[in-house]
Structure formats: structure tokens, C-alpha cells
file query_1.txt (compact mmCIF, C-alpha atoms)
# COMPACT_ATOMS: atom_id res chain seq x y z
CA MET P 26 68.60 35.09 -156.74
CA LEU P 27 69.54 32.03 -154.87
CA ALA P 28 71.55 31.11 -151.84
CA GLY P 29 71.67 28.77 -149.03
CA SER P 30 72.50 27.07 -145.96
CA THR P 31 75.31 25.01 -144.51
CA VAL P 32 76.94 21.66 -145.01
CA VAL P 33 78.62 19.62 -147.69
CA GLY P 34 77.87 16.40 -149.42
CA ALA P 35 80.43 13.68 -148.83
CA ASN P 36 81.37 11.31 -146.07
CA PRO P 37 84.52 13.07 -144.76
CA LEU P 38 82.56 16.24 -144.08
CA ARG P 39 79.11 14.94 -143.16
CA ALA P 40 79.61 13.90 -139.56
CA ASP P 41 79.28 17.34 -137.94
CA ASP P 42 76.71 18.64 -140.37
CA ASP P 43 74.37 21.42 -139.23
CA TRP P 44 71.51 19.25 -140.39
CA HIS P 45 71.85 17.34 -137.15
CA VAL P 46 70.81 20.43 -135.22
CA VAL P 47 72.15 20.53 -131.68
CA GLU P 48 69.42 20.59 -129.04
CA ARG P 49 68.90 23.74 -127.00
CA HIS P 50 66.31 24.87 -124.49
CA THR P 51 65.70 28.55 -125.20
CA THR P 52 63.68 30.64 -127.62
CA ASN P 53 64.98 33.63 -129.59
CA ALA P 54 66.81 35.16 -126.67
CA PRO P 55 70.47 35.88 -125.95
CA ALA P 56 72.68 32.91 -125.28
CA GLU P 57 73.16 31.39 -121.87
CA PRO P 58 75.78 33.03 -119.62
CA ASP P 59 78.57 30.62 -120.58
CA ALA P 60 78.18 31.74 -124.22
CA ALA P 61 79.49 35.25 -123.55
CA PRO P 62 82.71 35.35 -121.50
CA ALA P 63 83.61 38.77 -120.16
CA ALA P 64 86.91 39.40 -121.91
CA THR P 65 88.54 37.49 -124.73
CA ALA P 66 91.12 38.19 -127.39
CA PRO P 67 90.90 36.82 -130.95
CA GLY P 68 93.25 33.93 -130.18
CA ASP P 69 91.70 32.99 -126.83
CA THR P 70 89.78 29.77 -126.38
CA LEU P 71 86.56 29.59 -124.40
CA LYS P 72 83.49 27.47 -123.88
CA ALA P 73 80.32 28.80 -125.53
CA CYS P 74 77.00 26.95 -125.28
CA GLY P 75 78.96 23.92 -124.13
CA GLU P 76 81.31 23.89 -127.12
CA ALA P 77 85.04 24.67 -127.27
CA ALA P 78 85.45 27.79 -129.37
CA ARG P 79 87.20 31.09 -129.87
CA PRO P 80 85.81 34.58 -130.59
CA ALA P 81 84.45 34.99 -134.10
CA GLY P 82 86.62 36.61 -136.73
CA GLU P 83 85.65 38.70 -139.72
CA PRO P 84 83.61 38.77 -141.85
CA TYR P 85 81.52 36.32 -139.82
CA LYS P 86 81.17 38.55 -136.76
CA THR P 87 79.89 41.45 -138.87
CA ILE P 88 77.58 39.27 -140.97
CA VAL P 89 75.84 37.83 -137.92
CA ALA P 90 75.71 41.26 -136.24
CA GLN P 91 73.93 42.68 -139.29
CA LEU P 92 71.45 39.81 -139.33
CA ASN P 93 70.81 40.26 -135.61
CA ASP P 94 70.26 44.00 -136.10
CA MET P 95 67.74 43.40 -138.85
CA TRP P 96 65.75 40.81 -136.90
CA GLY P 97 66.10 42.38 -133.45
CA THR P 98 67.83 39.29 -132.09
CA ASN P 99 71.04 38.77 -130.17
CA PHE P 100 72.42 35.36 -131.12
CA PRO P 101 76.21 35.23 -130.69
CA VAL P 102 78.58 33.65 -133.20
CA TYR P 103 81.80 31.79 -132.41
CA GLU P 104 84.48 29.90 -134.28
CA SER P 105 84.24 26.26 -133.23
CA LEU P 106 87.49 24.43 -132.57
CA ARG P 107 85.99 21.33 -134.18
CA VAL P 108 86.17 20.93 -137.94
CA GLY P 109 82.53 20.78 -138.98
CA SER P 110 79.84 22.74 -140.74
CA PRO P 111 78.18 25.90 -139.38
CA HIS P 112 75.44 25.00 -136.95
CA ALA P 113 72.93 26.33 -134.47
CA SER P 114 73.42 25.07 -130.93
CA THR P 115 71.94 24.76 -127.50
CA GLY P 116 71.85 28.11 -125.71
CA GLY P 117 71.33 30.24 -128.83
CA CYS P 118 74.86 30.14 -130.23
CA ILE P 119 75.84 29.98 -133.90
CA PHE P 120 79.11 28.26 -134.78
CA TYR P 121 81.36 28.02 -137.81
CA ASN P 122 84.76 26.50 -138.46
CA GLN P 123 87.16 28.32 -140.77
CA GLN P 124 88.83 25.18 -142.07
CA PHE P 125 85.47 23.68 -143.00
CA LEU P 126 84.30 26.84 -144.79
CA ASN P 127 87.56 27.00 -146.73
CA THR P 128 87.11 23.39 -147.80
CA LEU P 129 83.48 23.89 -148.72
CA LEU P 130 83.85 27.10 -150.71
CA GLN P 131 87.33 26.79 -152.17
CA GLN P 132 87.89 23.06 -152.69
CA TRP P 133 84.39 21.65 -153.09
CA MET P 134 82.74 24.58 -154.86
CA ARG P 135 85.93 26.22 -156.17
CA ILE P 136 84.67 29.72 -155.40
CA ASP P 137 87.41 32.29 -154.87
CA ASP P 138 85.70 35.49 -156.04
CA PRO P 139 84.92 37.63 -152.94
CA ASP P 140 81.84 39.03 -154.70
CA THR P 141 80.48 35.48 -154.88
CA VAL P 142 81.72 34.22 -151.51
CA ARG P 143 80.28 37.01 -149.36
CA PRO P 144 76.61 36.63 -150.41
CA MET P 145 76.94 32.89 -149.89
CA LEU P 146 78.20 33.53 -146.36
CA TYR P 147 75.22 35.77 -145.63
CA ALA P 148 72.89 33.00 -146.78
CA ILE P 149 74.72 30.36 -144.74
CA PHE P 150 74.59 32.36 -141.52
CA ALA P 151 71.02 33.53 -142.17
CA HIS P 152 70.02 29.88 -142.34
CA GLU P 153 71.59 29.22 -138.94
CA LEU P 154 70.05 32.32 -137.41
CA GLY P 155 66.72 31.16 -138.85
CA HIS P 156 66.97 27.95 -136.81
CA GLN P 157 67.43 30.02 -133.67
CA ALA P 158 64.78 32.62 -134.52
CA HIS P 159 62.24 29.89 -135.29
CA GLY P 160 63.01 28.09 -132.02
CA ASP P 161 63.78 24.91 -133.93
CA LEU P 162 65.75 23.45 -131.04
CA ASP P 163 63.16 24.15 -128.37
CA PRO P 164 61.56 21.09 -126.73
CA ALA P 165 58.15 22.34 -127.87
CA ASN P 166 59.25 21.91 -131.48
CA ALA P 167 60.89 18.50 -131.05
CA GLY P 168 58.06 16.83 -132.97
CA VAL P 169 58.41 19.03 -136.05
CA PRO P 170 60.04 17.05 -138.90
CA ALA P 171 63.66 18.00 -139.57
CA LYS P 172 62.89 18.63 -143.23
CA ASN P 173 60.25 21.22 -142.31
CA LYS P 174 62.76 23.03 -140.10
CA GLU P 175 65.49 22.97 -142.73
CA LEU P 176 63.31 24.26 -145.56
CA ALA P 177 61.89 26.94 -143.26
CA ALA P 178 65.46 28.03 -142.46
CA ASP P 179 66.20 28.19 -146.20
CA GLN P 180 63.09 30.34 -146.62
CA PHE P 181 64.29 32.55 -143.77
CA ALA P 182 67.64 32.94 -145.57
CA GLY P 183 66.01 34.02 -148.80
CA TYR P 184 63.77 36.47 -146.97
CA SER P 185 66.74 37.90 -145.06
CA LEU P 186 68.94 38.44 -148.10
CA GLU P 187 66.20 40.22 -150.04
CA ARG P 188 65.49 42.49 -147.09
CA MET P 189 69.18 43.30 -146.79
CA GLY P 190 69.41 44.11 -150.49
CA ILE P 191 72.00 41.40 -151.15
CA ARG P 192 71.22 40.64 -154.78
CA ARG P 193 74.62 39.84 -156.24
CA LEU P 194 74.18 36.10 -156.13
CA ASP P 195 75.57 33.67 -158.69
CA SER P 196 72.58 31.46 -159.43
CA VAL P 197 74.73 28.75 -161.02
CA GLU P 198 76.99 28.47 -157.96
CA VAL P 199 74.10 28.57 -155.53
CA THR P 200 72.12 25.95 -157.42
CA ARG P 201 75.16 23.68 -157.29
CA TYR P 202 75.50 24.43 -153.59
CA TYR P 203 71.92 23.33 -152.93
CA GLN P 204 72.49 20.18 -154.93
CA LEU P 205 75.50 19.40 -152.72
CA THR P 206 73.55 20.04 -149.53
CA GLY P 207 70.24 18.47 -150.53
CA ASP P 208 68.99 14.95 -149.92
CA ASP P 209 69.63 14.08 -153.54
CA PHE P 210 73.36 14.14 -152.77
CA VAL P 211 73.82 13.36 -149.08
CA GLY P 212 70.86 10.97 -148.80
CA ALA P 213 67.26 11.28 -147.70
CA ALA P 214 68.17 10.36 -144.14
CA SER P 215 69.62 13.85 -143.70
CA GLY P 216 66.08 15.22 -143.84
CA HIS P 217 66.89 18.48 -145.62
CA GLY P 218 64.85 18.22 -148.78
CA ASN P 219 66.43 17.78 -152.18
CA GLY P 220 68.24 20.49 -154.09
CA GLY P 221 65.11 21.59 -155.93
CA GLU P 222 63.07 21.84 -152.73
CA ARG P 223 65.77 23.82 -151.00
CA THR P 224 66.16 26.20 -153.93
CA ASN P 225 62.39 26.74 -154.06
CA ALA P 226 62.26 27.40 -150.32
CA PHE P 227 64.93 30.09 -150.63
CA GLN P 228 63.17 31.66 -153.62
CA TYR P 229 59.84 31.59 -151.82
CA GLY P 230 61.30 33.46 -148.85
CA TRP P 231 62.89 35.97 -151.22
CA HIS P 232 59.56 36.56 -152.98
CA ARG P 233 57.69 37.02 -149.71
CA ALA P 234 60.10 39.78 -148.73
CA GLU P 235 59.98 41.26 -152.21
CA ILE P 236 56.23 41.89 -152.06
CA GLY P 237 56.15 42.88 -148.40
CA LEU P 238 54.70 39.76 -146.80
CA SER P 239 55.76 38.50 -143.39
CA GLU P 240 58.58 35.95 -143.27
CA GLN P 241 56.13 33.20 -142.36
CA GLY P 242 52.41 33.04 -143.02
CA THR P 243 49.61 31.46 -145.00
CA GLN P 244 49.34 34.12 -147.70
CA PRO P 245 51.06 32.81 -150.84
CA ALA P 246 53.83 34.71 -152.58
CA GLY P 247 52.96 33.62 -156.12
CA GLY P 248 52.78 35.61 -159.30
CA LEU P 249 56.45 36.56 -159.35
CA GLY P 250 57.84 34.39 -162.11
CA GLU P 251 60.10 31.84 -160.44
CA PRO P 252 58.41 29.54 -157.90

call {"tool": "encode", "arguments": {"input": "query_1.txt", "output": "C-alpha cells"}}
result
Amino acid sequence: MLAGSTVVGANPLRADDDWHVVERHTTNAPAEPDAAPAATAPGDTLKACGEAARPAGEPYKTIVAQLNDMWGTNFPVYESLRVGSPHASTGGCIFYNQQFLNTLLQQWMRIDDPDTVRPMLYAIFAHELGHQAHGDLDPANAGVPAKNKELAADQFAGYSLERMGIRRLDSVEVTRYYQLTGDDFVGAASGHGNGGERTNAFQYGWHRAEIGLSEQGTQPAGGLGEP
């Protein structure tokens, strides 16, 4: 029962890592007007939240729509034209890049089983939506340490997947994923927490949902076996 977030752990793929969250100036509201052009086709290019992009393809569009439906939010998703990790951005947008995801899942993690890939994608996009839902990029939260925001987004991902009933998760693959995306691999300067901390944050969110607690709060979610 594990899953995660976004990014990879090596120099060629670190530069555009989601862990350097792009500043925005909204709360959990729909994106700014430039994020939602009136009419686009799948191959069209556009500018969303200040970033060159194209309309999201599947399954990413559906995954984010389902997460939005569950949380009552309306954060749009786009395919970024830049090769970089999924990330939350100014204006409420969520971005991914297909080439990056292919590299991450197929080459770095060597996952090609759709039954393993799809739950991972839900966790990745839930993490990004968590940044937006928590208002992590709002000026009021600028003083919150990056590590706190990242672990809270991992907790949000765990909570989301349990609520959605997505339980077919390969714990071995996901643990390896967190090791790749934690500070123990990419360096403490990334401010994400190490693989163990990230795994625990996801599990903690899962357990909170499992026993009916709110996604965030002071009441502990202990007594459920795994921390």
C-alpha cells in the first residue's frame, strides 16, 4: 500500500523537478483565465499558467478529473512542452511531460505492467493536486519549509488513493520509487525528506482515510500495523 509523487534521482532529470514548486498566487480555485483556452485540439499548443503546453492526453486527463471530482476542486492538467517532471504551477495548473514519464517509469524503474503503472500515476498526480489543494504556492505559505509541503503532499496522495479504492499497488516498486525521489538519493538540498520519510507520509495518509479521519488534523492514525 504505497505510492508516490513525482521526480527522478539523477542529474540529467533533476533540473525541472517538481520539488522546486513553481510559485503561484491563488488558493484551491480554478486556474487563471490563460490556463483554459476556449477551443483546442489534442495537437494544439497553448499557454497555460504561463507555460507552453498542449491539452492533456489520456490517461492523465481522466486521472486528474477523478481526483478533482473527489476533492471538489477544478485544477486543470496540461502536457508541458518542456521535458521535466510533473509539477504544480502558478495559477493552479498541473503539468506533466510524456517523455519524462516514459523515462521515469520505463527506463529508470523498468515498469511496463499497466496494472502497476496506473496506480503509480494516480499517486503522482494526487501529489501534485495536493500541492494545489493545500495552497503550497500561496504567498501566505512561503515560509513553510519545502520538506513539510512535500511530505504533506505525499500524505495527501496516500489519503486520496485509499479513498478512491486504488489498492493494487506494488509495494516493492513504490518503495524503490520513493528511494529514487527522496533526499537519500537526490540530496538533502531537494528538501523532500528521505525515502523512509516519504513512504511513512504516504502510509500515514492512507491510514487516516482508512479509519475515517480527515486528510489533515491532529488526531493520530496509529494502531494500524504499519506506521

call {"tool": "closest_residue", "arguments": {"input": "query_1.txt", "among": "P:Glu153, P:Asp163, P:Asp138, P:Glu83", "to": "Gly116 in chain P", "atoms": "all atoms listed in the file"}}
result
P:Asp163

call {"tool": "atom_distance", "arguments": {"input": "query_1.txt", "atom1": "CA of Gly242 in chain P", "atom2": "CA of Ala226 in chain P"}}
result
13.5 Å

call {"tool": "residues_around", "arguments": {"input": "query_1.txt", "residues": "range 179-193 of chain P", "least_positions_apart": "5", "cutoff": "7 Å", "atoms": "all atoms listed in the file", "output": "ChimeraX atom specification"}}
result
/P:26,28-30,144,148,151-152,155,223,226-231,233-235,240

call {"tool": "closest_residue", "arguments": {"input": "query_1.txt", "among": "P:Gln124, P:Ala77, P:Arg143, P:Phe150", "to": "Asn93 in chain P", "atoms": "only C-alpha atoms"}}
result
P:Phe150

call {"tool": "atom_distance", "arguments": {"input": "query_1.txt", "atom1": "CA of Leu130 in chain P", "atom2": "CA of Pro84 in chain P"}}
result
14.7 Å

call {"tool": "closest_residue", "arguments": {"input": "query_1.txt", "among": "P:Asn127, P:Thr224, P:Tyr121, P:Gln157", "to": "Lys86 in chain P", "atoms": "only C-alpha atoms"}}
result
P:Tyr121

call {"tool": "atom_distance", "arguments": {"input": "query_1.txt", "atom1": "CA of Lys72 in chain P", "atom2": "CA of Val142 in chain P"}}
result
28.5 Å

call {"tool": "residues_around", "arguments": {"input": "query_1.txt", "residues": "Gly82 in chain P", "least_positions_apart": "3", "cutoff": "12 Å", "atoms": "only C-alpha atoms", "output": "list in words"}}
result
Ala66, Pro67, Gly68, Asp69, Ala78, Arg79, Tyr85, Lys86, Thr87, Ile88, Val89, Ala90, Val102, Tyr103, Glu104, Ser105, Phe120, Tyr121, Asn122 and Gln123 of chain P

call {"tool": "closest_residue", "arguments": {"input": "query_1.txt", "among": "P:Ala73, P:Leu154, P:Leu106, P:Ser239", "to": "Leu92 in chain P", "atoms": "only C-alpha atoms"}}
result
P:Leu154
